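Below is the file upload14.cif, which contains mmCIF, C-alpha atoms.
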```cif
data_model
loop_
_atom_site.label_atom_id
_atom_site.label_comp_id
_atom_site.auth_asym_id
_atom_site.auth_seq_id
_atom_site.Cartn_x
_atom_site.Cartn_y
_atom_site.Cartn_z
CA MET Z 168 0.00 0.00 0.00
CA ALA Z 169 2.70 2.40 1.07
CA GLU Z 170 4.86 1.40 -1.91
CA GLU Z 171 2.00 2.04 -4.27
CA ALA Z 172 1.55 5.47 -2.79
CA ILE Z 173 5.26 6.21 -3.26
CA ALA Z 174 5.13 4.98 -6.85
CA ARG Z 175 2.13 7.19 -7.56
CA GLY Z 176 3.87 10.09 -6.00
CA LEU Z 177 7.01 9.54 -8.06
CA ILE Z 178 4.94 9.28 -11.24
CA ALA Z 179 3.32 12.61 -10.39
CA VAL Z 180 6.73 14.16 -9.74
CA GLY Z 181 8.00 12.74 -13.05
CA ALA Z 182 5.02 14.19 -14.89
CA GLY Z 183 5.64 17.54 -13.26
CA LEU Z 184 9.30 17.47 -14.22
CA ALA Z 185 8.47 16.53 -17.82
CA VAL Z 186 6.24 19.56 -18.26
CA GLY Z 187 8.26 21.88 -16.07
CA LEU Z 188 11.70 21.24 -17.60
CA ALA Z 189 10.27 21.31 -21.10
CA GLY Z 190 8.68 24.64 -20.20
CA ILE Z 191 11.98 26.10 -18.95
CA GLY Z 192 13.77 24.92 -22.08
CA ALA Z 193 11.12 26.36 -24.34
CA GLY Z 194 11.22 29.63 -22.39
CA LEU Z 195 14.98 29.94 -22.86
CA GLY Z 196 14.60 29.29 -26.57
CA GLU Z 197 11.75 31.74 -26.87
CA SER Z 198 13.59 34.54 -25.12
CA GLY Z 199 15.88 35.15 -28.08
CA ILE Z 200 13.20 34.61 -30.71
CA GLY Z 201 10.74 36.78 -28.82
CA ALA Z 202 13.26 39.60 -28.50
CA ALA Z 203 14.01 39.42 -32.20
CA ALA Z 204 10.31 39.30 -33.05
CA VAL Z 205 9.61 42.38 -30.94
CA GLY Z 206 12.56 44.17 -32.52
CA ALA Z 207 11.39 43.40 -36.03
CA THR Z 208 7.77 44.29 -35.22
CA ALA Z 209 8.86 47.63 -33.73
CA GLU Z 210 10.35 48.55 -37.10
CA ASP Z 211 7.66 47.05 -39.29
CA ARG Z 212 4.18 46.01 -38.17
CA GLY Z 213 4.10 43.44 -40.95
CA PHE Z 214 6.32 41.15 -38.90
CA PHE Z 215 3.73 40.80 -36.14
CA GLY Z 216 2.08 37.58 -37.33
CA LEU Z 217 5.29 35.92 -38.42
CA GLY Z 218 6.96 37.02 -35.19
CA ILE Z 219 4.31 35.35 -33.06
CA LEU Z 220 4.48 32.19 -35.14
CA PHE Z 221 8.26 31.92 -34.75
CA THR Z 222 8.10 32.77 -31.08
CA VAL Z 223 5.81 29.84 -30.28
CA ILE Z 224 7.70 27.24 -32.29
CA PRO Z 225 9.79 26.11 -29.26
CA GLU Z 226 6.45 25.67 -27.51
CA THR Z 227 6.12 22.34 -29.37
CA ILE Z 228 8.73 20.97 -26.97
CA VAL Z 229 6.32 21.65 -24.13
CA ILE Z 230 3.69 19.61 -25.96
CA PHE Z 231 6.12 16.68 -25.98
CA GLY Z 232 6.59 17.19 -22.26
CA LEU Z 233 2.86 17.30 -21.80
CA VAL Z 234 2.41 14.06 -23.77
CA ILE Z 235 5.00 12.34 -21.58
CA ALA Z 236 3.19 13.67 -18.52
CA PHE Z 237 -0.10 12.25 -19.76
CA ILE Z 238 1.51 8.90 -20.54
CA LEU Z 239 2.97 8.82 -17.05
CA MET Z 240 -0.26 9.80 -15.42
CA PHE Z 241 -2.57 7.48 -17.32
CA ALA Z 242 -0.54 4.66 -18.86
CA PHE Z 243 1.53 3.87 -15.79
CA HIS Z 244 -1.31 4.40 -13.45
CA MET Y 244 24.04 31.87 -15.60
CA LEU Y 245 21.78 30.34 -18.18
CA LEU Y 246 19.09 32.89 -17.40
CA LYS Y 247 21.51 35.77 -17.76
CA SER Y 248 22.12 34.86 -21.38
CA LYS Y 249 22.79 37.96 -23.47
CA ARG Y 250 21.44 36.34 -26.59
CA SER Y 251 18.08 38.02 -26.33
CA SER Y 252 19.50 41.52 -26.07
CA TRP Y 253 21.54 40.96 -29.23
CA ALA Y 254 18.56 39.38 -30.96
CA TYR Y 255 16.46 42.47 -30.33
CA ILE Y 256 18.87 45.07 -31.68
CA VAL Y 257 20.03 42.90 -34.56
CA ALA Y 258 16.46 42.12 -35.69
CA ARG Y 259 15.61 45.79 -35.51
CA VAL Y 260 18.63 46.83 -37.49
CA LYS Y 261 18.06 44.11 -40.07
CA VAL Y 262 14.57 45.46 -40.74
CA MET Y 263 16.04 48.95 -41.02
CA LYS Y 264 18.61 47.62 -43.46
CA ARG Y 265 15.84 46.38 -45.73
CA ARG Y 266 14.68 49.95 -46.08
CA LEU Y 267 18.00 51.19 -47.47
CA ILE Y 268 17.93 52.10 -51.13
CA PRO Y 269 18.75 48.90 -53.05
CA SER Y 270 21.70 49.04 -55.43
CA GLU Y 271 19.50 48.53 -58.54
CA GLU Y 272 17.65 51.72 -57.69
CA TYR Y 273 20.78 53.84 -58.21
CA ARG Y 274 20.62 53.14 -61.93
CA LYS Y 275 17.11 54.58 -61.92
CA LEU Y 276 18.19 57.52 -59.78
CA LEU Y 277 21.07 58.27 -62.14
CA ASN Y 278 18.61 58.80 -64.97
CA MET Y 279 16.49 61.24 -62.99
CA ASP Y 280 17.06 64.97 -62.74
CA PHE Y 281 17.65 66.69 -59.41
CA ASN Y 282 14.03 67.47 -58.62
CA GLU Y 283 12.95 63.96 -59.47
CA ILE Y 284 15.56 62.60 -57.06
CA VAL Y 285 14.21 64.80 -54.27
CA ARG Y 286 10.69 63.66 -55.10
CA TYR Y 287 11.86 60.03 -55.07
CA LEU Y 288 13.43 60.55 -51.64
CA GLU Y 289 10.19 62.07 -50.38
CA GLU Y 290 8.69 58.61 -50.74
CA THR Y 291 11.41 57.05 -48.58
CA ASP Y 292 12.62 57.44 -44.99
CA TYR Y 293 14.01 60.87 -45.84
CA LYS Y 294 10.53 62.38 -46.25
CA ARG Y 295 10.31 63.74 -42.73
CA GLU Y 296 13.62 65.60 -42.91
CA ILE Y 297 13.00 66.97 -46.39
CA ASP Y 298 9.57 68.25 -45.31
CA GLU Y 299 11.01 69.83 -42.18
CA LEU Y 300 13.76 71.70 -43.97
CA ALA Y 301 11.98 72.51 -47.23
CA TYR Y 302 10.70 75.87 -45.97
CA LYS Y 303 14.24 77.06 -45.21
CA TYR Y 304 16.36 75.64 -47.98
CA SER Y 305 16.09 74.51 -51.55
CA GLY Y 306 18.23 72.78 -54.14
CA PRO Y 307 21.23 70.65 -53.16
CA ARG Y 308 21.54 72.41 -49.82
CA LEU Y 309 18.12 71.10 -48.80
CA LEU Y 310 19.18 67.60 -49.79
CA ASP Y 311 22.50 67.98 -47.97
CA TYR Y 312 21.00 69.07 -44.68
CA ALA Y 313 18.10 66.63 -44.88
CA LEU Y 314 20.54 63.75 -45.39
CA THR Y 315 22.73 64.88 -42.48
CA LEU Y 316 19.73 65.26 -40.20
CA ASN Y 317 18.42 61.85 -41.17
CA LEU Y 318 21.78 60.22 -40.59
CA GLY Y 319 22.02 61.78 -37.13
CA ARG Y 320 18.50 60.71 -36.23
CA THR Y 321 19.06 57.17 -37.46
CA TYR Y 322 22.23 56.80 -35.39
CA ARG Y 323 20.59 58.28 -32.34
CA LYS Y 324 17.68 55.90 -32.73
CA ILE Y 325 19.98 52.88 -32.85
CA MET Y 326 21.71 54.17 -29.74
CA ASP Y 327 18.40 54.73 -27.96
CA VAL Y 328 16.92 51.32 -28.70
CA SER Y 329 20.03 49.35 -27.76
CA PHE Y 330 21.04 48.45 -24.23
CA GLY Y 331 23.79 46.75 -22.28
CA ILE Y 332 27.06 46.08 -23.99
CA ALA Y 333 25.59 46.86 -27.41
CA LYS Y 334 24.85 50.41 -26.30
CA ASP Y 335 28.36 50.84 -24.91
CA ILE Y 336 29.90 49.71 -28.16
CA ILE Y 337 27.62 51.88 -30.29
CA THR Y 338 28.30 54.92 -28.10
CA THR Y 339 32.03 54.36 -28.40
CA TYR Y 340 31.77 53.89 -32.15
CA LEU Y 341 29.75 57.08 -32.59
CA LYS Y 342 32.26 59.22 -30.73
CA ARG Y 343 33.95 59.68 -34.08
CA TRP Y 344 31.21 62.17 -34.89
CA ASP Y 345 32.46 64.42 -32.12
CA ILE Y 346 35.59 64.90 -34.17
CA TRP Y 347 33.55 65.53 -37.28
CA ASN Y 348 31.49 68.13 -35.42
CA ILE Y 349 34.44 69.91 -33.82
CA VAL Y 350 36.31 70.06 -37.12
CA THR Y 351 33.17 71.20 -38.95
CA ILE Y 352 32.66 74.04 -36.50
CA ILE Y 353 36.29 75.18 -36.69
CA ARG Y 354 36.37 74.84 -40.47
CA GLY Y 355 33.08 76.73 -40.74
CA LYS Y 356 34.37 79.51 -38.51
CA MET Y 357 37.57 79.79 -40.55
CA ALA Y 358 35.63 79.98 -43.80
CA GLY Y 359 33.13 82.46 -42.36
CA VAL Y 360 30.08 80.24 -42.87
CA SER Y 361 26.89 81.42 -41.16
CA GLU Y 362 26.09 79.97 -37.74
CA GLU Y 363 22.88 78.42 -38.97
CA GLU Y 364 24.62 76.60 -41.77
CA ILE Y 365 27.30 75.23 -39.44
CA GLU Y 366 24.57 73.94 -37.18
CA GLU Y 367 22.84 72.10 -40.01
CA ALA Y 368 26.04 70.26 -40.87
CA LEU Y 369 26.46 68.81 -37.38
CA VAL Y 370 25.67 65.21 -36.52
CA PRO Y 371 25.26 65.33 -32.73
CA VAL Y 372 25.42 61.63 -31.93
CA GLY Y 373 28.69 61.46 -30.01
CA GLU Y 374 29.60 62.34 -26.48
CA TYR Y 375 28.50 65.97 -26.70
CA THR Y 376 24.96 67.21 -27.22
CA LEU Y 377 23.61 69.53 -29.86
CA ASP Y 378 23.12 72.23 -27.24
CA PHE Y 379 26.79 72.04 -26.36
CA TYR Y 380 27.74 72.50 -30.00
CA LYS Y 381 25.24 75.32 -30.36
CA SER Y 382 26.96 77.09 -27.47
CA LEU Y 383 30.31 76.65 -29.26
CA ILE Y 384 29.28 78.06 -32.61
CA PRO Y 385 29.07 81.77 -31.65
CA LYS Y 386 32.46 81.63 -29.90
CA GLU Y 387 35.83 82.54 -31.37
CA ILE Y 388 38.09 79.65 -32.42
CA ASP Y 389 40.47 80.17 -29.45
CA GLU Y 390 37.57 79.98 -27.03
CA ILE Y 391 36.25 76.85 -28.73
CA VAL Y 392 39.63 75.20 -28.32
CA LYS Y 393 39.73 76.26 -24.65
CA THR Y 394 36.40 74.55 -24.00
CA PHE Y 395 38.07 71.22 -24.65
CA GLU Y 396 40.71 71.72 -22.00
CA GLY Y 397 41.02 68.54 -19.98
CA THR Y 398 39.71 66.28 -22.76
CA PRO Y 399 42.07 64.04 -24.75
CA TYR Y 400 41.48 66.23 -27.79
CA TYR Y 401 42.90 69.39 -26.23
CA SER Y 402 46.60 68.83 -26.94
CA VAL Y 403 45.86 68.42 -30.65
CA LEU Y 404 43.23 71.14 -30.83
CA SER Y 405 45.61 73.67 -29.35
CA LYS Y 406 47.58 73.45 -32.60
CA VAL Y 407 44.69 75.02 -34.52
CA GLY Y 408 46.09 77.96 -36.44
CA SER Y 409 49.68 76.74 -36.46
CA GLU Y 410 49.03 73.51 -38.39
CA PRO Y 411 46.73 72.80 -41.34
CA LEU Y 412 43.28 71.63 -40.30
CA SER Y 413 43.56 68.39 -42.26
CA ILE Y 414 46.58 67.36 -40.15
CA ILE Y 415 44.71 68.24 -36.97
CA GLU Y 416 41.75 66.20 -38.15
CA ASP Y 417 43.99 63.19 -38.76
CA GLU Y 418 45.55 63.59 -35.32
CA LEU Y 419 42.13 63.76 -33.69
CA TYR Y 420 41.09 60.53 -35.38
CA LYS Y 421 44.30 58.95 -34.16
CA ILE Y 422 43.30 59.86 -30.62
CA TYR Y 423 39.85 58.40 -31.21
CA TYR Y 424 41.27 55.11 -32.47
CA HIS Y 425 43.84 55.05 -29.70
CA GLN Y 426 41.06 55.39 -27.11
CA ILE Y 427 39.29 52.36 -28.52
CA LEU Y 428 42.38 50.20 -28.95
CA LYS Y 429 44.13 50.99 -25.71
CA GLU Y 430 42.14 48.49 -23.67
CA ARG Y 431 42.42 44.79 -24.28
CA PRO Y 432 38.98 43.42 -25.07
CA SER Y 433 37.83 41.17 -22.25
CA GLU Y 434 34.71 39.82 -23.91
CA PHE Y 435 34.21 38.25 -27.28
CA ALA Y 436 31.65 40.88 -28.23
CA LEU Y 437 34.23 43.59 -27.65
CA LYS Y 438 36.89 41.69 -29.53
CA LEU Y 439 34.66 41.60 -32.62
CA PHE Y 440 34.21 45.35 -32.33
CA VAL Y 441 37.94 45.99 -31.90
CA ASP Y 442 38.71 43.82 -34.93
CA PHE Y 443 36.16 45.77 -36.93
CA ILE Y 444 37.86 49.03 -35.95
CA LYS Y 445 41.28 47.59 -36.75
CA MET Y 446 40.08 46.62 -40.21
CA GLU Y 447 38.75 50.10 -40.71
CA ILE Y 448 42.15 51.48 -39.77
CA ASP Y 449 43.75 49.17 -42.35
CA ILE Y 450 41.49 50.50 -45.07
CA LYS Y 451 42.16 54.10 -44.06
CA ASN Y 452 45.90 53.49 -43.93
CA ILE Y 453 46.12 51.76 -47.24
CA LYS Y 454 44.16 54.55 -48.89
CA THR Y 455 46.52 57.09 -47.32
CA ILE Y 456 49.58 55.18 -48.46
CA LEU Y 457 48.35 54.78 -52.03
CA ARG Y 458 47.14 58.34 -52.35
CA LEU Y 459 50.26 59.94 -50.94
CA LYS Y 460 52.50 57.58 -52.89
CA ARG Y 461 50.80 58.77 -56.06
CA GLU Y 462 51.52 62.34 -55.06
CA ASP Y 463 55.18 61.48 -54.34
CA VAL Y 464 54.99 62.56 -50.74
CA SER Y 465 58.07 61.73 -48.64
CA ALA Y 466 58.10 58.57 -46.53
CA GLU Y 467 58.23 60.40 -43.19
CA GLU Y 468 55.27 62.53 -44.16
CA ILE Y 469 53.25 59.43 -45.09
CA MET Y 470 54.30 57.72 -41.87
CA ARG Y 471 52.99 60.71 -39.91
CA ARG Y 472 49.56 60.17 -41.41
CA ILE Y 473 49.42 56.45 -40.62
CA ILE Y 474 47.02 55.45 -37.86
CA PRO Y 475 48.74 52.94 -35.55
CA GLY Y 476 47.08 49.68 -34.55
CA GLY Y 477 45.77 48.22 -37.80
CA PHE Y 478 44.56 44.66 -38.27
CA GLU Y 479 47.24 43.61 -40.72
CA ILE Y 480 48.93 46.93 -41.48
CA THR Y 481 50.71 47.68 -38.26
CA GLU Y 482 53.13 50.56 -38.08
CA GLU Y 483 56.01 48.25 -38.97
CA GLU Y 484 54.18 46.83 -41.96
CA ALA Y 485 53.24 50.33 -43.04
CA SER Y 486 56.83 51.56 -42.98
CA LYS Y 487 57.82 48.54 -45.07
CA LEU Y 488 55.06 49.24 -47.57
CA ILE Y 489 55.90 52.92 -47.78
CA ALA Y 490 59.52 52.17 -48.63
CA MET Y 491 58.48 50.15 -51.68
CA SER Y 492 58.06 51.46 -55.21
CA TRP Y 493 54.53 51.62 -56.63
CA ASP Y 494 54.73 48.31 -58.52
CA GLU Y 495 56.25 46.50 -55.58
CA LEU Y 496 53.62 47.96 -53.34
CA VAL Y 497 50.75 46.75 -55.51
CA LYS Y 498 52.30 43.28 -55.55
CA ALA Y 499 52.94 43.23 -51.82
CA LEU Y 500 49.35 44.16 -51.07
CA GLU Y 501 47.99 41.03 -52.73
CA GLY Y 502 48.40 38.97 -49.59
CA TYR Y 503 46.23 41.18 -47.39
CA TRP Y 504 42.60 40.63 -46.48
CA PHE Y 505 41.45 43.57 -48.60
CA SER Y 506 43.32 42.45 -51.72
CA LYS Y 507 40.05 42.42 -53.66
CA GLY Y 508 40.21 46.19 -53.73
CA LEU Y 509 43.36 45.96 -55.79
CA GLU Y 510 41.88 44.53 -58.96
CA GLY Y 511 42.70 46.77 -61.88
CA ILE Y 512 44.56 49.21 -59.71
CA THR Y 513 47.25 50.24 -62.20
CA ASP Y 514 45.86 52.99 -64.35
CA LYS Y 515 42.65 54.01 -62.62
CA SER Y 516 42.25 57.28 -60.80
CA ILE Y 517 42.83 57.20 -57.05
CA SER Y 518 39.21 57.95 -56.14
CA ARG Y 519 38.12 54.81 -58.00
CA ILE Y 520 40.65 52.77 -56.07
CA GLU Y 521 39.34 54.18 -52.81
CA ILE Y 522 35.82 53.14 -53.75
CA LYS Y 523 37.09 49.65 -54.59
CA PHE Y 524 38.66 49.40 -51.15
CA ASP Y 525 35.41 50.54 -49.57
CA LYS Y 526 33.57 47.83 -51.45
CA ALA Y 527 36.14 45.18 -50.50
CA TRP Y 528 35.83 46.24 -46.90
CA MET Y 529 32.04 46.13 -46.93
CA GLU Y 530 32.16 42.63 -48.40
CA VAL Y 531 34.36 41.44 -45.55
CA VAL Y 532 32.16 43.19 -43.00
CA ALA Y 533 29.05 41.55 -44.51
CA ARG Y 534 30.71 38.15 -44.38
CA ARG Y 535 31.79 38.57 -40.79
CA ALA Y 536 28.36 39.90 -39.85
CA SER Y 537 26.72 36.78 -41.19
CA ASN Y 538 29.28 34.59 -39.43
CA TYR Y 539 28.45 36.24 -36.11
CA PRO Y 540 24.77 37.13 -36.48
CA LEU Y 541 24.18 37.73 -32.77
CA SER Y 542 26.89 40.31 -32.24
CA ILE Y 543 27.57 43.97 -32.81
CA LEU Y 544 28.71 43.37 -36.39
CA PRO Y 545 25.30 43.50 -38.12
CA VAL Y 546 24.63 46.78 -36.29
CA LEU Y 547 27.96 48.27 -37.33
CA GLN Y 548 27.42 46.99 -40.84
CA TYR Y 549 24.11 48.82 -41.02
CA MET Y 550 25.64 52.02 -39.66
CA VAL Y 551 28.37 51.97 -42.29
CA LEU Y 552 25.87 51.12 -45.04
CA LYS Y 553 23.66 54.02 -43.97
CA LYS Y 554 26.63 56.37 -44.10
CA ILE Y 555 27.50 55.09 -47.56
CA GLU Y 556 23.92 55.62 -48.72
CA VAL Y 557 23.87 59.18 -47.42
CA ASP Y 558 27.21 59.91 -49.09
CA ASN Y 559 26.00 58.36 -52.34
CA LEU Y 560 22.83 60.44 -52.34
CA ARG Y 561 24.83 63.57 -51.59
CA THR Y 562 27.23 62.87 -54.46
CA LEU Y 563 24.30 62.10 -56.72
CA GLY Y 564 22.41 65.25 -55.72
CA TRP Y 565 25.34 67.64 -56.15
CA GLY Y 566 26.47 65.90 -59.32
CA LYS Y 567 23.03 66.21 -60.89
CA TRP Y 568 22.66 69.80 -59.75
CA GLN Y 569 25.93 70.75 -61.38
CA GLY Y 570 25.16 68.82 -64.54
CA ILE Y 571 27.99 66.31 -64.30
CA PRO Y 572 27.58 63.43 -66.77
CA ASN Y 573 26.04 60.21 -65.43
CA GLU Y 574 29.16 58.10 -65.96
CA GLU Y 575 31.28 60.42 -63.87
CA ILE Y 576 28.75 60.47 -61.05
CA GLU Y 577 28.44 56.70 -61.19
CA GLU Y 578 32.19 56.34 -60.78
CA GLN Y 579 32.00 58.24 -57.50
CA LEU Y 580 29.18 56.14 -56.04
CA VAL Y 581 29.81 53.18 -53.75
CA ILE Y 582 27.21 50.76 -55.10
CA LEU Y 583 27.41 47.43 -53.35
#
```

Is it possible to give me this structure as structure tokens?
Amino acid sequence: MAEEAIARGLIAVGAGLAVGLAGIGAGLGESGIGAAAVGATAEDRGFFGLGILFTVIPETIVIFGLVIAFILMFAFH
Amino acid sequence: MLLKSKRSSWAYIVARVKVMKRRLIPSEEYRKLLNMDFNEIVRYLEETDYKREIDELAYKYSGPRLLDYALTLNLGRTYRKIMDVSFGIAKDIITTYLKRWDIWNIVTIIRGKMAGVSEEEIEEALVPVGEYTLDFYKSLIPKEIDEIVKTFEGTPYYSVLSKVGSEPLSIIEDELYKIYYHQILKERPSEFALKLFVDFIKMEIDIKNIKTILRLKREDVSAEEIMRRIIPGGFEITEEEASKLIAMSWDELVKALEGYWFSKGLEGITDKSISRIEIKFDKAWMEVVARRASNYPLSILPVLQYMVLKKIEVDNLRTLGWGKWQGIPNEEIEEQLVIL
């Protein structure tokens, strides 16, 4: 019983780490792209859409993290 | 440490400058501009970034003078804008780089005073983007030359400026630029970003030196006199190298220069006029700068590249405007333009 509780807890921690670390990584990646996007948009409004699109591309990594979290939470349950 | 990454600050200024670079007049357009008359050129520029300055000054001036002052004002504003939107180390580097305009301004004021140009006209020729503000320069303009020189007491420029009157102004100008370059080169760059900047400045010194050597060689100036004009601290042309090059005859010199990084500027050097050679060196230099800027995209180099390109554009438009106004044939104007 106690072991099961520990296992569940560890799975939850793992899921948290998967999303959290992926989020930090994506944030670091986005910082440069976001700064460049803002710089380009400040000069020319036309870059607004493209800038947003490029800025969120590293966000896909977070989706991978989220998928892993779901797998952990539901498949290993 | 990871969170303190400076990448984002470079990304911002570089992206901004890259968009500004897109708005420069493309090289194909110069062919079109060459076929226009003066008024058409002004009208063309009114549809570009220069509109604001032309509109502002149009009530006071007309003809090539309007174009001249509008271009100067625009250049100053563009540089100031880059300085204002940058931060951190980028701002420090840009501020240091732009200090060269202090020398331009001081020399312009003194030259204007000597030639008896009106105060207003001197003011329009200033590009106040360096250490000193426009108000400071405005306070200088009504003064006598001696008083102007006195104002700089305590600055590094004073010792050279105190020679005004006893030496030709062109020599004083050269000496002032030497001080400027010395100020930049005296400290060893601690960061990679600074090293890139220092290398850029060293390359600029090389180009300036080689132009000086070739020009003065053509005029048969004595070796000591040429050596006096050489700016120390070049990238490949150090003072030693320079004295070696100066001692050579013209043909030897042209041969010896082939090994240097700017050797592309030497193509067809033999029987062309010296101004064409200078333009070729400018082009060779800009090519190297462009290559280095794309090698180090997140650095100061793209910003410096833009600043030099903007200066070239302004100079081109000025040449074009005056050339057209004075009815110089298209081919001759084209030879004076730096079209990249």

Closest pair table for chain Z residues within 7 Å of chain Y, only C-alpha atoms, as CSV:
```
residue,atom,partner,partner_atom,distance
Z:Ser198,CA,Y:Ser251,CA,5.8
Z:Gly199,CA,Y:Ser251,CA,4.0
Z:Ala202,CA,Y:Tyr255,CA,4.7
Z:Ala203,CA,Y:Tyr255,CA,4.3
Z:Val205,CA,Y:Tyr255,CA,6.9
Z:Gly206,CA,Y:Arg259,CA,4.6
Z:Ala207,CA,Y:Arg259,CA,4.9
Z:Glu210,CA,Y:Arg259,CA,6.1
```

### Message
So, with only C-alpha atoms as the atoms that count, which of Y:Gln569, Y:Glu374, Y:Tyr549, Y:Leu276 lies closest to Gly306 in chain Y?
### Response
Y:Gln569

### Query
Val407 in chain Y: which residues within 9 Å, counting all atoms listed in the file, same-chain residues fewer than 4 positions away excluded, as a list in words?
Ile353, Ile388, Asp389, Val392, Val403, Pro411, Leu412 and Ile415 of chain Y

#### Entry: Interatomic distance (Å, one decimal) between CA of Glu495 in chain Y and CA of Leu457 in chain Y
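These two atoms are separated by 12.0 Å.
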
### Task
Up to 9 Å from (22.5, 65.5, -52.4) in the file's coordinates: name the residues, counting all atoms listed in the file, as an MDAnalysis selection string.
chainID Y and resid 281 284:285 306:314 557:568

Saved range 215-235 of chain Z from the preceding structure, N, CA and C atoms, as a PDB file, in the first residue's frame:
```pdb
ATOM      1  N   PHE Z 215       4.410  41.208 -37.368  1.00  0.00           N
ATOM      2  CA  PHE Z 215       3.725  40.797 -36.136  1.00  0.00           C
ATOM      3  C   PHE Z 215       3.304  39.327 -36.172  1.00  0.00           C
ATOM      4  N   GLY Z 216       2.596  38.944 -37.230  1.00  0.00           N
ATOM      5  CA  GLY Z 216       2.084  37.576 -37.326  1.00  0.00           C
ATOM      6  C   GLY Z 216       3.206  36.558 -37.368  1.00  0.00           C
ATOM      7  N   LEU Z 217       4.157  36.836 -38.252  1.00  0.00           N
ATOM      8  CA  LEU Z 217       5.287  35.925 -38.422  1.00  0.00           C
ATOM      9  C   LEU Z 217       6.081  35.828 -37.121  1.00  0.00           C
ATOM     10  N   GLY Z 218       6.216  36.973 -36.455  1.00  0.00           N
ATOM     11  CA  GLY Z 218       6.965  37.016 -35.193  1.00  0.00           C
ATOM     12  C   GLY Z 218       6.330  36.112 -34.155  1.00  0.00           C
ATOM     13  N   ILE Z 219       5.004  36.198 -34.036  1.00  0.00           N
ATOM     14  CA  ILE Z 219       4.307  35.348 -33.057  1.00  0.00           C
ATOM     15  C   ILE Z 219       4.491  33.878 -33.407  1.00  0.00           C
ATOM     16  N   LEU Z 220       4.344  33.592 -34.700  1.00  0.00           N
ATOM     17  CA  LEU Z 220       4.477  32.194 -35.137  1.00  0.00           C
ATOM     18  C   LEU Z 220       5.852  31.636 -34.755  1.00  0.00           C
ATOM     19  N   PHE Z 221       6.906  32.396 -35.064  1.00  0.00           N
ATOM     20  CA  PHE Z 221       8.257  31.922 -34.753  1.00  0.00           C
ATOM     21  C   PHE Z 221       8.478  31.815 -33.247  1.00  0.00           C
ATOM     22  N   THR Z 222       7.882  32.777 -32.527  1.00  0.00           N
ATOM     23  CA  THR Z 222       8.098  32.770 -31.082  1.00  0.00           C
ATOM     24  C   THR Z 222       7.551  31.499 -30.440  1.00  0.00           C
ATOM     25  N   VAL Z 223       6.420  30.986 -30.949  1.00  0.00           N
ATOM     26  CA  VAL Z 223       5.808  29.839 -30.276  1.00  0.00           C
ATOM     27  C   VAL Z 223       6.308  28.495 -30.807  1.00  0.00           C
ATOM     28  N   ILE Z 224       7.209  28.525 -31.771  1.00  0.00           N
ATOM     29  CA  ILE Z 224       7.699  27.242 -32.292  1.00  0.00           C
ATOM     30  C   ILE Z 224       8.367  26.395 -31.197  1.00  0.00           C
ATOM     31  N   PRO Z 225       9.211  26.955 -30.328  1.00  0.00           N
ATOM     32  CA  PRO Z 225       9.795  26.112 -29.260  1.00  0.00           C
ATOM     33  C   PRO Z 225       8.737  25.561 -28.313  1.00  0.00           C
ATOM     34  N   GLU Z 226       7.545  26.135 -28.372  1.00  0.00           N
ATOM     35  CA  GLU Z 226       6.453  25.667 -27.511  1.00  0.00           C
ATOM     36  C   GLU Z 226       6.100  24.203 -27.816  1.00  0.00           C
ATOM     37  N   THR Z 227       6.419  23.732 -29.009  1.00  0.00           N
ATOM     38  CA  THR Z 227       6.124  22.342 -29.366  1.00  0.00           C
ATOM     39  C   THR Z 227       6.818  21.381 -28.396  1.00  0.00           C
ATOM     40  N   ILE Z 228       8.001  21.806 -27.916  1.00  0.00           N
ATOM     41  CA  ILE Z 228       8.735  20.967 -26.966  1.00  0.00           C
ATOM     42  C   ILE Z 228       7.880  20.738 -25.716  1.00  0.00           C
ATOM     43  N   VAL Z 229       7.166  21.781 -25.315  1.00  0.00           N
ATOM     44  CA  VAL Z 229       6.324  21.650 -24.128  1.00  0.00           C
ATOM     45  C   VAL Z 229       5.220  20.630 -24.378  1.00  0.00           C
ATOM     46  N   ILE Z 230       4.734  20.596 -25.637  1.00  0.00           N
ATOM     47  CA  ILE Z 230       3.692  19.607 -25.958  1.00  0.00           C
ATOM     48  C   ILE Z 230       4.247  18.192 -25.772  1.00  0.00           C
ATOM     49  N   PHE Z 231       5.517  17.991 -26.218  1.00  0.00           N
ATOM     50  CA  PHE Z 231       6.120  16.678 -25.981  1.00  0.00           C
ATOM     51  C   PHE Z 231       6.146  16.363 -24.486  1.00  0.00           C
ATOM     52  N   GLY Z 232       6.547  17.359 -23.718  1.00  0.00           N
ATOM     53  CA  GLY Z 232       6.592  17.186 -22.264  1.00  0.00           C
ATOM     54  C   GLY Z 232       5.223  16.836 -21.715  1.00  0.00           C
ATOM     55  N   LEU Z 233       4.233  17.522 -22.249  1.00  0.00           N
ATOM     56  CA  LEU Z 233       2.857  17.303 -21.803  1.00  0.00           C
ATOM     57  C   LEU Z 233       2.402  15.880 -22.142  1.00  0.00           C
ATOM     58  N   VAL Z 234       2.771  15.423 -23.345  1.00  0.00           N
ATOM     59  CA  VAL Z 234       2.414  14.062 -23.766  1.00  0.00           C
ATOM     60  C   VAL Z 234       3.036  13.053 -22.811  1.00  0.00           C
ATOM     61  N   ILE Z 235       4.320  13.255 -22.506  1.00  0.00           N
ATOM     62  CA  ILE Z 235       5.003  12.345 -21.580  1.00  0.00           C
ATOM     63  C   ILE Z 235       4.283  12.355 -20.216  1.00  0.00           C
TER      64      ILE Z 235
END
```
